[in-house]
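To be precise, the following lines are data-v8.txt, and they hold compact mmCIF, C-alpha atoms.
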```txt
# COMPACT_ATOMS: atom_id res chain seq x y z
CA MET A 1 -39.38 -17.06 53.11
CA SER A 2 -40.70 -13.59 52.39
CA VAL A 3 -40.55 -11.92 48.99
CA ARG A 4 -38.00 -9.47 50.38
CA GLU A 5 -35.73 -12.27 51.64
CA ARG A 6 -35.97 -14.06 48.30
CA LYS A 7 -35.06 -10.89 46.41
CA GLU A 8 -32.10 -10.26 48.72
CA ARG A 9 -30.91 -13.83 48.19
CA GLU A 10 -31.26 -13.49 44.40
CA ARG A 11 -29.38 -10.20 44.52
CA ALA A 12 -26.53 -11.81 46.47
CA VAL A 13 -26.39 -14.67 43.95
CA ARG A 14 -26.22 -12.19 41.04
CA GLU A 15 -23.47 -10.23 42.76
CA ARG A 16 -21.39 -13.38 43.32
CA LEU A 17 -21.96 -14.31 39.66
CA ILE A 18 -20.73 -10.90 38.49
CA VAL A 19 -17.59 -11.12 40.64
CA ALA A 20 -16.86 -14.72 39.64
CA THR A 21 -17.36 -13.93 35.95
CA ALA A 22 -15.15 -10.83 36.12
CA ARG A 23 -12.47 -12.83 37.88
CA GLU A 24 -12.66 -15.66 35.35
CA LEU A 25 -12.52 -13.27 32.40
CA ALA A 26 -9.60 -11.35 33.95
CA GLU A 27 -7.66 -14.57 34.59
CA GLN A 28 -8.28 -15.73 31.01
CA ARG A 29 -7.80 -12.49 29.08
CA GLY A 30 -6.57 -9.81 31.47
CA TRP A 31 -8.36 -6.94 33.17
CA ASP A 32 -8.56 -4.92 29.96
CA ALA A 33 -11.02 -7.53 28.66
CA VAL A 34 -13.34 -7.00 31.63
CA THR A 35 -15.99 -4.52 30.56
CA THR A 36 -19.54 -4.11 31.81
CA ARG A 37 -20.80 -4.95 28.33
CA ARG A 38 -18.85 -8.22 28.22
CA LEU A 39 -19.85 -9.10 31.76
CA ALA A 40 -23.51 -8.42 31.01
CA GLU A 41 -23.32 -10.67 27.95
CA ARG A 42 -21.59 -13.49 29.85
CA ILE A 43 -23.96 -13.50 32.80
CA GLU A 44 -27.00 -12.84 30.57
CA TYR A 45 -28.19 -9.77 32.41
CA SER A 46 -28.45 -6.21 31.16
CA GLN A 47 -25.82 -3.59 31.91
CA PRO A 48 -28.28 -1.70 34.15
CA VAL A 49 -28.51 -4.84 36.31
CA LEU A 50 -24.72 -4.81 36.67
CA TYR A 51 -24.82 -1.13 37.59
CA SER A 52 -27.44 -1.88 40.25
CA HIS A 53 -24.73 -3.95 42.00
CA PHE A 54 -21.54 -2.07 41.12
CA ARG A 55 -21.03 1.50 39.92
CA GLY A 56 -18.43 0.32 37.46
CA LYS A 57 -15.33 -1.73 36.83
CA ARG A 58 -13.45 -0.12 39.71
CA GLU A 59 -15.93 -1.51 42.25
CA ILE A 60 -15.85 -4.92 40.58
CA ILE A 61 -12.06 -4.92 40.88
CA GLY A 62 -12.47 -4.00 44.54
CA ALA A 63 -14.88 -6.91 45.09
CA VAL A 64 -12.42 -9.32 43.44
CA ALA A 65 -9.63 -7.88 45.60
CA LEU A 66 -11.61 -8.44 48.80
CA GLN A 67 -12.39 -12.00 47.77
CA GLY A 68 -8.72 -12.55 46.93
CA ALA A 69 -7.57 -11.12 50.26
CA ALA A 70 -9.78 -13.58 52.11
CA GLU A 71 -8.42 -16.44 50.00
CA MET A 72 -4.84 -15.30 50.53
CA ALA A 73 -5.30 -15.11 54.29
CA THR A 74 -6.63 -18.67 54.29
CA ALA A 75 -3.78 -19.91 52.07
CA LEU A 76 -1.15 -18.29 54.31
CA ARG A 77 -2.64 -19.66 57.51
CA THR A 78 -3.03 -23.13 56.00
CA ALA A 79 0.59 -23.21 54.85
CA VAL A 80 1.88 -22.02 58.20
CA SER A 81 -0.26 -24.47 60.20
CA ALA A 82 1.70 -27.41 58.76
CA ALA A 83 5.10 -25.87 59.55
CA ASP A 84 7.13 -26.75 62.62
CA GLY A 85 9.10 -23.95 64.26
CA PRO A 86 9.55 -20.23 63.56
CA ARG A 87 11.89 -20.58 60.57
CA ALA A 88 9.69 -23.18 58.90
CA ARG A 89 6.61 -20.96 59.47
CA VAL A 90 8.24 -17.90 57.90
CA THR A 91 9.50 -19.98 54.96
CA ALA A 92 6.06 -21.57 54.46
CA LEU A 93 4.45 -18.13 54.67
CA ALA A 94 6.75 -16.71 51.99
CA ARG A 95 6.27 -19.68 49.68
CA ALA A 96 2.49 -19.61 50.10
CA TYR A 97 2.39 -15.89 49.32
CA LEU A 98 4.44 -16.29 46.14
CA GLU A 99 2.44 -19.35 45.06
CA PHE A 100 -0.83 -17.46 45.58
CA ALA A 101 0.42 -14.56 43.44
CA ASP A 102 1.60 -16.96 40.74
CA ARG A 103 -1.61 -19.03 40.65
CA ASN A 104 -3.96 -16.01 40.73
CA PRO A 105 -2.36 -13.23 38.66
CA ALA A 106 -5.56 -11.28 37.92
CA VAL A 107 -6.70 -11.50 41.53
CA TYR A 108 -3.26 -10.43 42.71
CA ASP A 109 -3.42 -7.47 40.32
CA ALA A 110 -6.85 -6.54 41.68
CA MET A 111 -5.46 -6.67 45.21
CA PHE A 112 -2.22 -4.75 44.72
CA ARG A 113 -1.81 -3.21 41.28
CA LEU A 114 -5.20 -1.93 40.13
CA ASP A 115 -7.43 0.71 41.66
CA GLY A 116 -10.34 -1.05 43.27
CA GLY A 117 -11.25 1.96 45.38
CA LEU A 118 -10.13 0.25 48.58
CA ALA A 119 -8.38 1.91 51.49
CA PHE A 120 -5.13 0.34 52.71
CA ALA A 121 -3.42 0.96 56.06
CA ARG A 122 -6.24 3.12 57.42
CA GLU A 123 -9.03 2.72 59.93
CA ASP A 124 -11.56 2.25 57.12
CA THR A 125 -9.56 -0.53 55.48
CA PRO A 126 -12.01 -3.37 54.71
CA ALA A 127 -11.81 -6.36 57.05
CA PRO A 128 -10.55 -8.88 54.41
CA LEU A 129 -7.54 -6.66 53.66
CA LYS A 130 -6.81 -6.25 57.37
CA ASP A 131 -7.09 -10.00 57.82
CA ALA A 132 -4.69 -10.76 54.96
CA PHE A 133 -2.13 -8.46 56.57
CA ALA A 134 -2.86 -10.03 59.96
CA ALA A 135 -2.05 -13.44 58.45
CA LEU A 136 1.39 -12.07 57.65
CA LEU A 137 1.86 -10.23 60.92
CA GLU A 138 0.82 -13.07 63.22
CA ASN A 139 3.44 -15.32 61.65
CA LEU A 140 6.26 -12.79 61.46
CA ASP A 141 6.10 -11.50 65.03
CA GLU A 142 8.97 -13.75 66.20
CA ALA A 143 11.06 -13.00 63.11
CA ALA A 144 11.21 -9.23 63.61
CA GLY A 145 14.01 -9.30 66.16
CA ASP A 146 14.68 -7.20 69.22
CA GLY A 147 13.84 -3.53 68.97
CA VAL A 148 11.97 -3.91 65.65
CA HIS A 149 8.25 -3.23 65.62
CA PRO A 150 6.52 -6.39 64.34
CA GLY A 151 4.14 -4.39 62.13
CA LEU A 152 7.02 -2.54 60.49
CA PHE A 153 8.87 -5.80 59.94
CA ALA A 154 5.75 -7.37 58.40
CA GLU A 155 5.46 -4.40 56.02
CA VAL A 156 9.08 -4.76 54.88
CA PHE A 157 8.77 -8.53 54.51
CA TRP A 158 5.51 -8.10 52.57
CA ALA A 159 7.17 -5.50 50.32
CA ALA A 160 10.00 -7.94 49.59
CA LEU A 161 7.51 -10.70 48.74
CA HIS A 162 5.47 -8.34 46.58
CA GLY A 163 8.61 -7.28 44.74
CA LEU A 164 9.60 -10.89 44.11
CA ALA A 165 6.09 -11.77 42.91
CA SER A 166 5.83 -8.72 40.64
CA LEU A 167 9.31 -8.99 39.14
CA THR A 168 8.93 -12.70 38.51
CA ARG A 169 5.55 -12.25 36.81
CA ALA A 170 6.98 -9.48 34.67
CA GLY A 171 9.77 -11.77 33.50
CA ARG A 172 12.43 -9.65 35.21
CA LEU A 173 13.48 -12.55 37.44
CA PRO A 174 13.79 -16.17 36.28
CA ARG A 175 11.03 -18.40 37.69
CA GLY A 176 13.34 -21.29 38.55
CA GLU A 177 15.01 -19.51 41.46
CA ALA A 178 11.95 -18.81 43.60
CA GLY A 179 12.92 -21.33 46.29
CA ARG A 180 16.43 -19.94 46.63
CA ARG A 181 15.06 -16.38 46.82
CA VAL A 182 12.75 -17.37 49.66
CA GLU A 183 15.64 -19.02 51.53
CA LEU A 184 17.79 -15.92 51.07
CA LEU A 185 14.96 -13.64 52.19
CA VAL A 186 14.36 -15.70 55.32
CA ASP A 187 18.10 -16.06 56.06
CA ARG A 188 18.91 -12.36 55.70
CA LEU A 189 15.75 -10.61 56.87
CA ALA A 190 14.22 -12.78 59.56
CA VAL A 191 15.88 -13.10 62.97
CA ILE A 192 15.00 -16.71 63.80
```
Would you write out, as structure tokens, the structure that this file holds?
Amino acid sequence: MSVRERKERERAVRERLIVATARELAEQRGWDAVTTRRLAERIEYSQPVLYSHFRGKREIIGAVALQGAAEMATALRTAVSAADGPRARVTALARAYLEFADRNPAVYDAMFRLDGGLAFAREDTPAPLKDAFAALLENLDEAAGDGVHPGLFAEVFWAALHGLASLTRAGRLPRGEAGRRVELLVDRLAVI
């Protein structure tokens, strides 16, 4: 292995460490607790080293969001793969989405609430974000109904799930009714 390859590998390891540490700190104490100073202390590197990887907190949030999008896409596809039939797939998809948001609040915030400098719904949208949406779209195609564009239906369904996740986390909706909300959403919105 050349010196250059070793340095690139070490750089990639440091970058993963920064992202993992930011994510861990955000999950424990919230995103306000994530500062470059705190991150530098936790990973035992100087702040200039952090800035050699990320220009600031915004880019770190973006990196966590991309990681989270990849994880969400996997979680959605895994949940749907065990379901039998269109209705069961849509129900499993909705449950998996809400469970992901509940289990990973800081990551979910990085993906959808905070400014990570990422483009959504554009040509330059990063691949992990496109793939997370594709995981929704590929499983909602049948549920859109006649005359409804599948992409538009996926956006509306996603918006409903996001609203449920956000309102529940904020304490505006009681947690105990999540299953009934999913059933109602699938019954009333999906044509399956």
Neighbours of Glu44 of chain A within 12 Å (all atoms listed in the file; same-chain residues fewer than 6 positions away dropped), as a compact mmCIF listing (two decimals) with C-alpha atoms, in the coordinates of the input?
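Final file, around_10.txt:
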```txt
# COMPACT_ATOMS: atom_id res chain seq x y z
CA ARG A 14 -26.22 -12.19 41.04
CA LEU A 17 -21.96 -14.31 39.66
CA ILE A 18 -20.73 -10.90 38.49
CA THR A 21 -17.36 -13.93 35.95
CA THR A 36 -19.54 -4.11 31.81
CA ARG A 37 -20.80 -4.95 28.33
CA ARG A 38 -18.85 -8.22 28.22
CA LEU A 50 -24.72 -4.81 36.67
```
Neighbour list for Ala83 of chain A as a list in words, cut-off 10 Å, all atoms listed in the file, skip fewer than 6 positions in-chain = Arg89, Val90, Thr91, Ala92 and Leu93 of chain A
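Distances from A:Arg103, A:Arg87, A:Arg180, A:His162 to Ile192 of chain A were compared using only C-alpha atoms, and the smallest one belongs to A:Arg87.
Among the candidates A:Gly62, A:Arg4, A:Tyr45, A:Asp32, the residue lying nearest to Pro126 of chain A is A:Gly62 (atoms considered: all atoms listed in the file).
Each of A:Leu114, A:Val80, A:Ala119, A:Ala101 was checked against Trp31 of chain A using only C-alpha atoms; the smallest atom-to-atom distance is that of A:Leu114.
From atom CA of Met72 of chain A back to atom CA of Glu99 of chain A, the distance works out to 10.0 Å.
Counting from atom CA of Phe157 of chain A, the distance to atom CA of Leu98 of chain A is 12.2 Å.
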